[in-house]
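Asks: You'll find start_36.txt just under this line, and it carries compact mmCIF, N, CA and C atoms.
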# COMPACT_ATOMS: atom_id res chain seq x y z
N MET A 1 -38.91 83.05 -27.67
CA MET A 1 -39.23 83.90 -28.78
C MET A 1 -38.01 84.71 -29.22
N LYS A 2 -37.28 85.22 -28.23
CA LYS A 2 -36.10 86.05 -28.53
C LYS A 2 -35.05 85.21 -29.25
N ARG A 3 -34.84 83.96 -28.82
CA ARG A 3 -33.86 83.08 -29.46
C ARG A 3 -34.25 82.78 -30.90
N THR A 4 -35.52 82.58 -31.13
CA THR A 4 -36.01 82.30 -32.48
C THR A 4 -35.77 83.49 -33.39
N THR A 5 -36.02 84.68 -32.91
CA THR A 5 -35.80 85.89 -33.69
C THR A 5 -34.32 86.05 -34.04
N ILE A 6 -33.45 85.80 -33.07
CA ILE A 6 -32.01 85.89 -33.30
C ILE A 6 -31.57 84.84 -34.32
N ALA A 7 -32.06 83.63 -34.17
CA ALA A 7 -31.69 82.55 -35.10
C ALA A 7 -32.14 82.88 -36.52
N ILE A 8 -33.34 83.38 -36.68
CA ILE A 8 -33.85 83.73 -38.01
C ILE A 8 -33.03 84.87 -38.60
N THR A 9 -32.71 85.87 -37.80
CA THR A 9 -31.90 87.00 -38.25
C THR A 9 -30.53 86.53 -38.72
N LEU A 10 -29.91 85.66 -37.95
CA LEU A 10 -28.59 85.13 -38.34
C LEU A 10 -28.66 84.34 -39.64
N CYS A 11 -29.68 83.52 -39.79
CA CYS A 11 -29.83 82.73 -41.02
C CYS A 11 -30.01 83.65 -42.23
N LEU A 12 -30.82 84.67 -42.09
CA LEU A 12 -31.03 85.60 -43.20
C LEU A 12 -29.76 86.35 -43.54
N ALA A 13 -28.99 86.73 -42.53
CA ALA A 13 -27.73 87.44 -42.76
C ALA A 13 -26.74 86.54 -43.50
N LEU A 14 -26.67 85.29 -43.11
CA LEU A 14 -25.76 84.35 -43.78
C LEU A 14 -26.19 84.08 -45.21
N MET A 15 -27.48 84.04 -45.46
CA MET A 15 -27.97 83.77 -46.80
C MET A 15 -27.75 84.95 -47.73
N SER A 16 -27.71 86.17 -47.20
CA SER A 16 -27.58 87.35 -48.05
C SER A 16 -26.15 87.55 -48.54
N THR A 17 -25.17 86.96 -47.88
CA THR A 17 -23.78 87.06 -48.31
C THR A 17 -23.37 85.74 -48.93
N VAL A 18 -23.04 85.80 -50.21
CA VAL A 18 -22.64 84.60 -50.90
C VAL A 18 -21.12 84.64 -51.09
N VAL A 19 -20.43 83.88 -50.25
CA VAL A 19 -18.98 83.80 -50.33
C VAL A 19 -18.65 82.40 -50.80
N PHE A 20 -17.80 82.32 -51.83
CA PHE A 20 -17.45 81.00 -52.34
C PHE A 20 -15.99 80.95 -52.73
N ALA A 21 -15.41 79.77 -52.59
CA ALA A 21 -14.02 79.55 -52.99
C ALA A 21 -14.02 79.15 -54.46
N GLY A 22 -12.93 79.48 -55.13
CA GLY A 22 -12.85 79.11 -56.53
C GLY A 22 -11.52 79.44 -57.14
N GLU A 23 -11.49 79.30 -58.45
CA GLU A 23 -10.29 79.59 -59.24
C GLU A 23 -10.72 80.43 -60.43
N TRP A 24 -9.98 81.50 -60.70
CA TRP A 24 -10.31 82.40 -61.78
C TRP A 24 -9.06 82.74 -62.56
N SER A 25 -9.24 83.04 -63.83
CA SER A 25 -8.14 83.50 -64.68
C SER A 25 -8.53 84.85 -65.25
N GLY A 26 -7.53 85.71 -65.38
CA GLY A 26 -7.81 87.01 -65.95
C GLY A 26 -6.62 87.93 -65.81
N LEU A 27 -6.82 89.13 -66.27
CA LEU A 27 -5.78 90.14 -66.25
C LEU A 27 -5.96 91.02 -65.01
N ILE A 28 -4.91 91.13 -64.19
CA ILE A 28 -4.99 92.01 -63.03
C ILE A 28 -5.09 93.44 -63.54
N THR A 29 -6.17 94.10 -63.18
CA THR A 29 -6.43 95.47 -63.61
C THR A 29 -6.72 96.30 -62.38
N GLU A 30 -7.39 97.41 -62.55
CA GLU A 30 -7.79 98.24 -61.42
C GLU A 30 -9.17 98.80 -61.68
N THR A 31 -9.77 99.32 -60.63
CA THR A 31 -11.18 99.70 -60.69
C THR A 31 -11.45 100.97 -61.48
N LYS A 32 -10.44 101.79 -61.74
CA LYS A 32 -10.67 103.02 -62.50
C LYS A 32 -10.92 102.70 -63.98
N CYS A 33 -10.03 101.94 -64.60
CA CYS A 33 -10.14 101.63 -66.03
C CYS A 33 -10.84 100.29 -66.26
N GLY A 34 -10.85 99.44 -65.25
CA GLY A 34 -11.55 98.16 -65.33
C GLY A 34 -11.05 97.25 -66.43
N ALA A 35 -11.97 96.73 -67.20
CA ALA A 35 -11.64 95.74 -68.23
C ALA A 35 -11.04 96.37 -69.49
N ALA A 36 -10.79 97.67 -69.47
CA ALA A 36 -10.18 98.32 -70.63
C ALA A 36 -8.77 97.79 -70.89
N HIS A 37 -8.13 97.28 -69.85
CA HIS A 37 -6.78 96.71 -69.99
C HIS A 37 -6.93 95.23 -70.35
N LYS A 38 -6.92 94.94 -71.62
CA LYS A 38 -7.13 93.56 -72.06
C LYS A 38 -5.89 92.90 -72.62
N GLY A 39 -4.96 93.71 -73.13
CA GLY A 39 -3.84 93.13 -73.87
C GLY A 39 -2.60 92.82 -73.08
N GLY A 40 -2.45 93.39 -71.91
CA GLY A 40 -1.25 93.16 -71.13
C GLY A 40 -0.03 93.85 -71.74
N SER A 41 -0.27 94.91 -72.52
CA SER A 41 0.83 95.64 -73.14
C SER A 41 1.57 96.44 -72.08
N GLU A 42 2.73 96.97 -72.44
CA GLU A 42 3.49 97.80 -71.50
C GLU A 42 2.66 99.01 -71.07
N LYS A 43 1.87 99.56 -72.00
CA LYS A 43 1.00 100.69 -71.68
C LYS A 43 -0.05 100.28 -70.64
N ASP A 44 -0.66 99.10 -70.82
CA ASP A 44 -1.63 98.59 -69.85
C ASP A 44 -0.99 98.41 -68.48
N ILE A 45 0.17 97.77 -68.46
CA ILE A 45 0.87 97.49 -67.20
C ILE A 45 1.19 98.80 -66.48
N SER A 46 1.69 99.76 -67.22
CA SER A 46 2.05 101.06 -66.65
C SER A 46 0.83 101.77 -66.08
N CYS A 47 -0.27 101.74 -66.80
CA CYS A 47 -1.50 102.40 -66.36
C CYS A 47 -2.04 101.74 -65.09
N VAL A 48 -2.08 100.42 -65.08
CA VAL A 48 -2.59 99.70 -63.90
C VAL A 48 -1.75 100.04 -62.68
N LYS A 49 -0.42 99.94 -62.83
CA LYS A 49 0.47 100.23 -61.70
C LYS A 49 0.29 101.67 -61.22
N SER A 50 0.20 102.59 -62.15
CA SER A 50 0.06 104.01 -61.82
C SER A 50 -1.24 104.28 -61.07
N CYS A 51 -2.33 103.73 -61.56
CA CYS A 51 -3.64 103.96 -60.92
C CYS A 51 -3.70 103.37 -59.52
N ILE A 52 -3.12 102.18 -59.34
CA ILE A 52 -3.12 101.55 -58.03
C ILE A 52 -2.23 102.35 -57.07
N LYS A 53 -1.03 102.72 -57.53
CA LYS A 53 -0.09 103.44 -56.69
C LYS A 53 -0.65 104.80 -56.26
N SER A 54 -1.31 105.50 -57.16
CA SER A 54 -1.84 106.83 -56.86
C SER A 54 -3.14 106.77 -56.05
N GLY A 55 -3.76 105.61 -56.00
CA GLY A 55 -5.03 105.48 -55.30
C GLY A 55 -6.23 105.80 -56.18
N ALA A 56 -5.98 106.06 -57.47
CA ALA A 56 -7.09 106.36 -58.39
C ALA A 56 -7.97 105.13 -58.61
N GLY A 57 -7.38 103.95 -58.50
CA GLY A 57 -8.12 102.71 -58.65
C GLY A 57 -7.57 101.66 -57.70
N LYS A 58 -8.36 100.65 -57.42
CA LYS A 58 -7.94 99.55 -56.55
C LYS A 58 -7.70 98.32 -57.43
N ALA A 59 -6.77 97.47 -57.01
CA ALA A 59 -6.48 96.25 -57.75
C ALA A 59 -7.76 95.43 -57.91
N ALA A 60 -7.95 94.87 -59.11
CA ALA A 60 -9.18 94.15 -59.40
C ALA A 60 -8.94 93.05 -60.43
N LEU A 61 -9.90 92.14 -60.51
CA LEU A 61 -9.86 91.06 -61.47
C LEU A 61 -11.24 90.92 -62.10
N PRO A 62 -11.33 90.97 -63.43
CA PRO A 62 -12.62 90.74 -64.07
C PRO A 62 -13.07 89.28 -63.86
N VAL A 63 -14.30 89.10 -63.42
CA VAL A 63 -14.88 87.78 -63.23
C VAL A 63 -16.20 87.79 -63.98
N GLY A 64 -16.23 87.12 -65.12
CA GLY A 64 -17.42 87.18 -65.97
C GLY A 64 -17.64 88.61 -66.43
N ASP A 65 -18.84 89.11 -66.23
CA ASP A 65 -19.16 90.49 -66.61
C ASP A 65 -18.91 91.48 -65.48
N ASP A 66 -18.42 91.00 -64.34
CA ASP A 66 -18.21 91.85 -63.17
C ASP A 66 -16.73 92.10 -62.93
N LEU A 67 -16.45 93.13 -62.18
CA LEU A 67 -15.10 93.47 -61.78
C LEU A 67 -15.02 93.32 -60.27
N PHE A 68 -14.22 92.36 -59.80
CA PHE A 68 -14.09 92.09 -58.38
C PHE A 68 -12.86 92.81 -57.83
N THR A 69 -13.05 93.64 -56.81
CA THR A 69 -11.96 94.33 -56.16
C THR A 69 -11.18 93.33 -55.31
N ILE A 70 -9.86 93.37 -55.40
CA ILE A 70 -9.01 92.45 -54.63
C ILE A 70 -8.81 93.04 -53.24
N THR A 71 -9.20 92.28 -52.21
CA THR A 71 -9.13 92.79 -50.84
C THR A 71 -7.71 92.79 -50.29
N ASN A 72 -6.88 91.90 -50.76
CA ASN A 72 -5.49 91.83 -50.31
C ASN A 72 -4.57 92.10 -51.50
N ALA A 73 -4.58 93.35 -51.95
CA ALA A 73 -3.87 93.76 -53.16
C ALA A 73 -2.37 93.48 -53.11
N ASP A 74 -1.81 93.37 -51.91
CA ASP A 74 -0.38 93.06 -51.80
C ASP A 74 -0.04 91.72 -52.47
N LYS A 75 -1.00 90.79 -52.48
CA LYS A 75 -0.79 89.49 -53.14
C LYS A 75 -0.67 89.65 -54.66
N ALA A 76 -1.30 90.69 -55.21
CA ALA A 76 -1.29 90.91 -56.66
C ALA A 76 -0.10 91.77 -57.10
N ALA A 77 0.64 92.33 -56.14
CA ALA A 77 1.78 93.19 -56.47
C ALA A 77 2.77 92.42 -57.34
N GLY A 78 3.21 93.07 -58.41
CA GLY A 78 4.11 92.44 -59.36
C GLY A 78 3.38 91.76 -60.51
N HIS A 79 2.07 91.62 -60.39
CA HIS A 79 1.27 90.97 -61.44
C HIS A 79 0.37 91.96 -62.16
N GLU A 80 0.49 93.25 -61.84
CA GLU A 80 -0.36 94.26 -62.44
C GLU A 80 -0.26 94.23 -63.97
N GLY A 81 -1.41 94.14 -64.62
CA GLY A 81 -1.45 94.12 -66.07
C GLY A 81 -1.11 92.79 -66.71
N HIS A 82 -0.87 91.77 -65.89
CA HIS A 82 -0.53 90.44 -66.40
C HIS A 82 -1.71 89.48 -66.25
N LYS A 83 -1.74 88.50 -67.14
CA LYS A 83 -2.77 87.46 -67.07
C LYS A 83 -2.32 86.43 -66.04
N VAL A 84 -3.21 86.15 -65.09
CA VAL A 84 -2.87 85.27 -63.97
C VAL A 84 -3.97 84.23 -63.73
N LYS A 85 -3.62 83.23 -62.94
CA LYS A 85 -4.58 82.27 -62.42
C LYS A 85 -4.59 82.47 -60.91
N VAL A 86 -5.78 82.68 -60.36
CA VAL A 86 -5.95 83.01 -58.95
C VAL A 86 -6.84 81.98 -58.29
N THR A 87 -6.49 81.57 -57.07
CA THR A 87 -7.41 80.81 -56.23
C THR A 87 -7.70 81.68 -55.02
N GLY A 88 -8.89 81.55 -54.48
CA GLY A 88 -9.25 82.35 -53.32
C GLY A 88 -10.73 82.27 -53.04
N THR A 89 -11.22 83.30 -52.36
CA THR A 89 -12.63 83.36 -52.04
C THR A 89 -13.20 84.67 -52.57
N ALA A 90 -14.40 84.58 -53.07
CA ALA A 90 -15.08 85.75 -53.63
C ALA A 90 -16.37 85.99 -52.87
N ASP A 91 -16.69 87.24 -52.70
CA ASP A 91 -17.96 87.65 -52.12
C ASP A 91 -18.80 88.22 -53.25
N GLU A 92 -19.77 87.47 -53.69
CA GLU A 92 -20.60 87.83 -54.84
C GLU A 92 -21.35 89.15 -54.61
N LYS A 93 -21.85 89.35 -53.42
CA LYS A 93 -22.63 90.55 -53.14
C LYS A 93 -21.74 91.80 -53.11
N ALA A 94 -20.60 91.71 -52.44
CA ALA A 94 -19.70 92.86 -52.31
C ALA A 94 -18.79 93.03 -53.52
N LYS A 95 -18.76 92.02 -54.40
CA LYS A 95 -17.88 92.03 -55.58
C LYS A 95 -16.42 92.20 -55.16
N THR A 96 -16.00 91.38 -54.16
CA THR A 96 -14.62 91.39 -53.71
C THR A 96 -14.02 89.99 -53.85
N LEU A 97 -12.71 89.96 -53.95
CA LEU A 97 -11.97 88.72 -54.12
C LEU A 97 -10.77 88.75 -53.19
N THR A 98 -10.61 87.70 -52.39
CA THR A 98 -9.45 87.56 -51.52
C THR A 98 -8.58 86.46 -52.10
N ILE A 99 -7.36 86.82 -52.47
CA ILE A 99 -6.45 85.89 -53.13
C ILE A 99 -5.77 84.99 -52.11
N GLU A 100 -5.77 83.68 -52.39
CA GLU A 100 -4.99 82.73 -51.61
C GLU A 100 -3.69 82.43 -52.35
N THR A 101 -3.81 82.11 -53.65
CA THR A 101 -2.61 81.87 -54.47
C THR A 101 -2.78 82.61 -55.79
N ILE A 102 -1.65 82.99 -56.36
CA ILE A 102 -1.66 83.66 -57.65
C ILE A 102 -0.43 83.23 -58.43
N GLU A 103 -0.63 82.95 -59.71
CA GLU A 103 0.50 82.59 -60.56
C GLU A 103 0.25 83.10 -61.97
N MET A 104 1.33 83.42 -62.65
CA MET A 104 1.24 83.88 -64.03
C MET A 104 0.71 82.75 -64.89
N GLU A 105 -0.16 83.08 -65.84
CA GLU A 105 -0.63 82.08 -66.80
C GLU A 105 0.40 81.91 -67.89
N LYS A 106 0.47 80.72 -68.40
CA LYS A 106 1.45 80.42 -69.45
C LYS A 106 0.88 80.68 -70.81
Could you render the structure from this file as structure tokens?

Replies:
Amino acid sequence: MKRTTIAITLCLALMSTVVFAGEWSGLITETKCGAAHKGGSEKDISCVKSCIKSGAGKAALPVGDDLFTITNADKAAGHEGHKVKVTGTADEKAKTLTIETIEMEK
């Protein structure tokens, strides 16, 4: 009985977290201003860098209508405010994204 309870609990825990690998394109922004940075202008870039550096916001990437916080922001360093193509894994429930590769979009 105890093993069955543990097995059911583990299955439910795994089902509640939806982690998937994928590829996304978008502008590296931060959680304070979010999708307000759409143009990639010098003002946008400066604001994103400033908010991340000061801790006011965390590095993020808009995915559909959601804003996913980047768990390994060091990978996004140098791309703040720029449109990029990212591969990695996303956690749908936690709205987080772990970058495996990142490159500037052409």

Asks: Could you check how far CA of Ile28 in chain A sits from CA of Val84 in chain A, in Å to one decimal?

Replies: 7.1 Å

Asks: Counting only C-alpha atoms, which of A:Ala56, A:Val86, A:Gly26, A:Lys106 gets nearest to Gly39 in chain A?

Replies: A:Gly26

Asks: Mind pulling up the distance from CA of Ile45 in chain A to CA of Thr69 in chain A?

Replies: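 Those two atoms sit 17.2 Å apart.
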
Asks: Which residue gives the smallest distance to Thr89 in chain A among A:Gly22, A:Ser50, A:Leu27, A:Val63, with only N, CA and C atoms counted?

Replies: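 Of all the options, A:Gly22 lies closest to Thr89 in chain A.
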
Asks: Find the residue from A:Ser25, A:Thr98, A:Ser41, A:Ser46 that sits nearest to Pro62 in chain A; use all atoms listed in the file when measuring.

Replies: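 The shortest atom-to-atom distance to Pro62 in chain A comes from A:Ser25.
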
Asks: For a quick check of understanding, using only N, CA and C atoms, which of A:Glu23, A:Ile99, A:Val18, A:Ala36 has the smallest distance to Asn72 in chain A?

Replies: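 Of the candidates, the smallest distance to Asn72 in chain A is held by A:Ile99.
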
Asks: Could you list, as an NGL selection string, every residue within 12 Å of His79 in chain A, counting only C-alpha atoms and ignoring same-chain residues fewer than 2 positions away?

Replies: :A and (26-30 or 40 or 44-46 or 48-49 or 52 or 59-61 or 73-77 or 81-86 or 102-105)

Asks: Give me every helix (DSSP H, G or I) residue in chain A, going by DSSP on the backbone, as JSON, numbers by chain.

Replies: {"A": [2, 3, 4, 5, 6, 7, 8, 9, 10, 11, 12, 13, 14, 15, 16, 34, 35, 36, 42, 43, 44, 45, 46, 47, 48, 49, 50, 51, 52, 53, 54, 73, 74, 75, 76]}

Asks: As a list in words, please: the residues near Gly57 in chain A (cut-off 6 Å, only N, CA and C atoms, same-chain neighbours under 6 positions excluded).

Replies: Glu30, Thr31, Lys32 and Cys51 of chain A

Asks: Could you please take those selected residues and save N, CA and C atoms as a compact mmCIF listing (two decimals), in the coordinates of the input?

Replies:
# COMPACT_ATOMS: atom_id res chain seq x y z
N GLU A 30 -7.39 97.41 -62.55
CA GLU A 30 -7.79 98.24 -61.42
C GLU A 30 -9.17 98.80 -61.68
N THR A 31 -9.77 99.32 -60.63
CA THR A 31 -11.18 99.70 -60.69
C THR A 31 -11.45 100.97 -61.48
N LYS A 32 -10.44 101.79 -61.74
CA LYS A 32 -10.67 103.02 -62.50
C LYS A 32 -10.92 102.70 -63.98
N CYS A 51 -2.33 103.73 -61.56
CA CYS A 51 -3.64 103.96 -60.92
C CYS A 51 -3.70 103.37 -59.52

Asks: So which one's closest to Cys33 in chain A, A:Lys58, A:Lys53, A:Asp66, A:Phe20? Using only N, CA and C atoms, please.

Replies: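 The shortest atom-to-atom distance to Cys33 in chain A comes from A:Lys58.
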
Asks: Please give the complete set of residues from chain A that DSSP, run on the backbone, assigns to strand (DSSP E), formatted as a PDB file with N, CA and C atoms, in the frame of the given file.

Replies:
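Output saved as out09.pdb:
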ATOM      1  N   VAL A  19     -20.430  83.880 -50.250  1.00  0.00           N
ATOM      2  CA  VAL A  19     -18.980  83.800 -50.330  1.00  0.00           C
ATOM      3  C   VAL A  19     -18.650  82.400 -50.800  1.00  0.00           C
ATOM      4  N   PHE A  20     -17.800  82.320 -51.830  1.00  0.00           N
ATOM      5  CA  PHE A  20     -17.450  81.000 -52.340  1.00  0.00           C
ATOM      6  C   PHE A  20     -15.990  80.950 -52.730  1.00  0.00           C
ATOM      7  N   ALA A  21     -15.410  79.770 -52.590  1.00  0.00           N
ATOM      8  CA  ALA A  21     -14.020  79.550 -52.990  1.00  0.00           C
ATOM      9  C   ALA A  21     -14.020  79.150 -54.460  1.00  0.00           C
ATOM     10  N   GLY A  22     -12.930  79.480 -55.130  1.00  0.00           N
ATOM     11  CA  GLY A  22     -12.850  79.110 -56.530  1.00  0.00           C
ATOM     12  C   GLY A  22     -11.520  79.440 -57.140  1.00  0.00           C
ATOM     13  N   GLU A  23     -11.490  79.300 -58.450  1.00  0.00           N
ATOM     14  CA  GLU A  23     -10.290  79.590 -59.240  1.00  0.00           C
ATOM     15  C   GLU A  23     -10.720  80.430 -60.430  1.00  0.00           C
ATOM     16  N   TRP A  24      -9.980  81.500 -60.700  1.00  0.00           N
ATOM     17  CA  TRP A  24     -10.310  82.400 -61.780  1.00  0.00           C
ATOM     18  C   TRP A  24      -9.060  82.740 -62.560  1.00  0.00           C
ATOM     19  N   SER A  25      -9.240  83.040 -63.830  1.00  0.00           N
ATOM     20  CA  SER A  25      -8.140  83.500 -64.680  1.00  0.00           C
ATOM     21  C   SER A  25      -8.530  84.850 -65.250  1.00  0.00           C
ATOM     22  N   GLY A  26      -7.530  85.710 -65.380  1.00  0.00           N
ATOM     23  CA  GLY A  26      -7.810  87.010 -65.950  1.00  0.00           C
ATOM     24  C   GLY A  26      -6.620  87.930 -65.810  1.00  0.00           C
ATOM     25  N   LEU A  27      -6.820  89.130 -66.270  1.00  0.00           N
ATOM     26  CA  LEU A  27      -5.780  90.140 -66.250  1.00  0.00           C
ATOM     27  C   LEU A  27      -5.960  91.020 -65.010  1.00  0.00           C
ATOM     28  N   THR A  29      -6.170  94.100 -63.180  1.00  0.00           N
ATOM     29  CA  THR A  29      -6.430  95.470 -63.610  1.00  0.00           C
ATOM     30  C   THR A  29      -6.720  96.300 -62.380  1.00  0.00           C
ATOM     31  N   GLU A  30      -7.390  97.410 -62.550  1.00  0.00           N
ATOM     32  CA  GLU A  30      -7.790  98.240 -61.420  1.00  0.00           C
ATOM     33  C   GLU A  30      -9.170  98.800 -61.680  1.00  0.00           C
ATOM     34  N   ALA A  59      -6.770  97.470 -57.010  1.00  0.00           N
ATOM     35  CA  ALA A  59      -6.480  96.250 -57.750  1.00  0.00           C
ATOM     36  C   ALA A  59      -7.760  95.430 -57.910  1.00  0.00           C
ATOM     37  N   ALA A  60      -7.950  94.870 -59.110  1.00  0.00           N
ATOM     38  CA  ALA A  60      -9.180  94.150 -59.400  1.00  0.00           C
ATOM     39  C   ALA A  60      -8.940  93.050 -60.430  1.00  0.00           C
ATOM     40  N   LEU A  61      -9.900  92.140 -60.510  1.00  0.00           N
ATOM     41  CA  LEU A  61      -9.860  91.060 -61.470  1.00  0.00           C
ATOM     42  C   LEU A  61     -11.240  90.920 -62.100  1.00  0.00           C
ATOM     43  N   PRO A  62     -11.330  90.970 -63.430  1.00  0.00           N
ATOM     44  CA  PRO A  62     -12.620  90.740 -64.070  1.00  0.00           C
ATOM     45  C   PRO A  62     -13.070  89.280 -63.860  1.00  0.00           C
ATOM     46  N   VAL A  63     -14.300  89.100 -63.420  1.00  0.00           N
ATOM     47  CA  VAL A  63     -14.880  87.780 -63.230  1.00  0.00           C
ATOM     48  C   VAL A  63     -16.200  87.790 -63.980  1.00  0.00           C
ATOM     49  N   ASP A  66     -18.420  91.000 -64.340  1.00  0.00           N
ATOM     50  CA  ASP A  66     -18.210  91.850 -63.170  1.00  0.00           C
ATOM     51  C   ASP A  66     -16.730  92.100 -62.930  1.00  0.00           C
ATOM     52  N   LEU A  67     -16.450  93.130 -62.180  1.00  0.00           N
ATOM     53  CA  LEU A  67     -15.100  93.470 -61.780  1.00  0.00           C
ATOM     54  C   LEU A  67     -15.020  93.320 -60.270  1.00  0.00           C
ATOM     55  N   PHE A  68     -14.220  92.360 -59.800  1.00  0.00           N
ATOM     56  CA  PHE A  68     -14.090  92.090 -58.380  1.00  0.00           C
ATOM     57  C   PHE A  68     -12.860  92.810 -57.830  1.00  0.00           C
ATOM     58  N   THR A  69     -13.050  93.640 -56.810  1.00  0.00           N
ATOM     59  CA  THR A  69     -11.960  94.330 -56.160  1.00  0.00           C
ATOM     60  C   THR A  69     -11.180  93.330 -55.310  1.00  0.00           C
ATOM     61  N   ILE A  70      -9.860  93.370 -55.400  1.00  0.00           N
ATOM     62  CA  ILE A  70      -9.010  92.450 -54.630  1.00  0.00           C
ATOM     63  C   ILE A  70      -8.810  93.040 -53.240  1.00  0.00           C
ATOM     64  N   LYS A  83      -1.740  88.500 -67.140  1.00  0.00           N
ATOM     65  CA  LYS A  83      -2.770  87.460 -67.070  1.00  0.00           C
ATOM     66  C   LYS A  83      -2.320  86.430 -66.040  1.00  0.00           C
ATOM     67  N   VAL A  84      -3.210  86.150 -65.090  1.00  0.00           N
ATOM     68  CA  VAL A  84      -2.870  85.270 -63.970  1.00  0.00           C
ATOM     69  C   VAL A  84      -3.970  84.230 -63.730  1.00  0.00           C
ATOM     70  N   LYS A  85      -3.620  83.230 -62.940  1.00  0.00           N
ATOM     71  CA  LYS A  85      -4.580  82.270 -62.420  1.00  0.00           C
ATOM     72  C   LYS A  85      -4.590  82.470 -60.910  1.00  0.00           C
ATOM     73  N   VAL A  86      -5.780  82.680 -60.360  1.00  0.00           N
ATOM     74  CA  VAL A  86      -5.950  83.010 -58.950  1.00  0.00           C
ATOM     75  C   VAL A  86      -6.840  81.980 -58.290  1.00  0.00           C
ATOM     76  N   THR A  87      -6.490  81.570 -57.070  1.00  0.00           N
ATOM     77  CA  THR A  87      -7.410  80.810 -56.230  1.00  0.00           C
ATOM     78  C   THR A  87      -7.700  81.680 -55.020  1.00  0.00           C
ATOM     79  N   GLY A  88      -8.890  81.550 -54.480  1.00  0.00           N
ATOM     80  CA  GLY A  88      -9.250  82.350 -53.320  1.00  0.00           C
ATOM     81  C   GLY A  88     -10.730  82.270 -53.040  1.00  0.00           C
ATOM     82  N   THR A  89     -11.220  83.300 -52.360  1.00  0.00           N
ATOM     83  CA  THR A  89     -12.630  83.360 -52.040  1.00  0.00           C
ATOM     84  C   THR A  89     -13.200  84.670 -52.570  1.00  0.00           C
ATOM     85  N   ALA A  90     -14.400  84.580 -53.070  1.00  0.00           N
ATOM     86  CA  ALA A  90     -15.080  85.750 -53.630  1.00  0.00           C
ATOM     87  C   ALA A  90     -16.370  85.990 -52.870  1.00  0.00           C
ATOM     88  N   ASP A  91     -16.690  87.240 -52.700  1.00  0.00           N
ATOM     89  CA  ASP A  91     -17.960  87.650 -52.120  1.00  0.00           C
ATOM     90  C   ASP A  91     -18.800  88.220 -53.250  1.00  0.00           C
ATOM     91  N   THR A  96     -16.000  91.380 -54.160  1.00  0.00           N
ATOM     92  CA  THR A  96     -14.620  91.390 -53.710  1.00  0.00           C
ATOM     93  C   THR A  96     -14.020  89.990 -53.850  1.00  0.00           C
ATOM     94  N   LEU A  97     -12.710  89.960 -53.950  1.00  0.00           N
ATOM     95  CA  LEU A  97     -11.970  88.720 -54.120  1.00  0.00           C
ATOM     96  C   LEU A  97     -10.770  88.750 -53.190  1.00  0.00           C
ATOM     97  N   THR A  98     -10.610  87.700 -52.390  1.00  0.00           N
ATOM     98  CA  THR A  98      -9.450  87.560 -51.520  1.00  0.00           C
ATOM     99  C   THR A  98      -8.580  86.460 -52.100  1.00  0.00           C
ATOM    100  N   ILE A  99      -7.360  86.820 -52.470  1.00  0.00           N
ATOM    101  CA  ILE A  99      -6.450  85.890 -53.130  1.00  0.00           C
ATOM    102  C   ILE A  99      -5.770  84.990 -52.110  1.00  0.00           C
ATOM    103  N   GLU A 100      -5.770  83.680 -52.390  1.00  0.00           N
ATOM    104  CA  GLU A 100      -4.990  82.730 -51.610  1.00  0.00           C
ATOM    105  C   GLU A 100      -3.690  82.430 -52.350  1.00  0.00           C
ATOM    106  N   THR A 101      -3.810  82.110 -53.650  1.00  0.00           N
ATOM    107  CA  THR A 101      -2.610  81.870 -54.470  1.00  0.00           C
ATOM    108  C   THR A 101      -2.780  82.610 -55.790  1.00  0.00           C
ATOM    109  N   ILE A 102      -1.650  82.990 -56.360  1.00  0.00           N
ATOM    110  CA  ILE A 102      -1.660  83.660 -57.650  1.00  0.00           C
ATOM    111  C   ILE A 102      -0.430  83.230 -58.430  1.00  0.00           C
ATOM    112  N   GLU A 103      -0.630  82.950 -59.710  1.00  0.00           N
ATOM    113  CA  GLU A 103       0.500  82.590 -60.560  1.00  0.00           C
ATOM    114  C   GLU A 103       0.250  83.100 -61.970  1.00  0.00           C
ATOM    115  N   MET A 104       1.330  83.420 -62.650  1.00  0.00           N
ATOM    116  CA  MET A 104       1.240  83.880 -64.030  1.00  0.00           C
ATOM    117  C   MET A 104       0.710  82.750 -64.890  1.00  0.00           C
TER     118      MET A 104
END

Asks: Could you give me, as a list in words, the residues within 6 Å of Val19 in chain A, counting all atoms listed in the file and dropping anything in the same chain fewer than 6 positions from it?

Replies: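 Near neighbours after the sequence-gap exclusion: Ala90, Asp91 and Glu92 of chain A.
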
Asks: Dump N, CA and C atoms for the selected residues as a PDB file, in the frame of the given file?

Replies:
ATOM      1  N   ALA A  90     -14.400  84.580 -53.070  1.00  0.00           N
ATOM      2  CA  ALA A  90     -15.080  85.750 -53.630  1.00  0.00           C
ATOM      3  C   ALA A  90     -16.370  85.990 -52.870  1.00  0.00           C
ATOM      4  N   ASP A  91     -16.690  87.240 -52.700  1.00  0.00           N
ATOM      5  CA  ASP A  91     -17.960  87.650 -52.120  1.00  0.00           C
ATOM      6  C   ASP A  91     -18.800  88.220 -53.250  1.00  0.00           C
ATOM      7  N   GLU A  92     -19.770  87.470 -53.690  1.00  0.00           N
ATOM      8  CA  GLU A  92     -20.600  87.830 -54.840  1.00  0.00           C
ATOM      9  C   GLU A  92     -21.350  89.150 -54.610  1.00  0.00           C
TER      10      GLU A  92
END
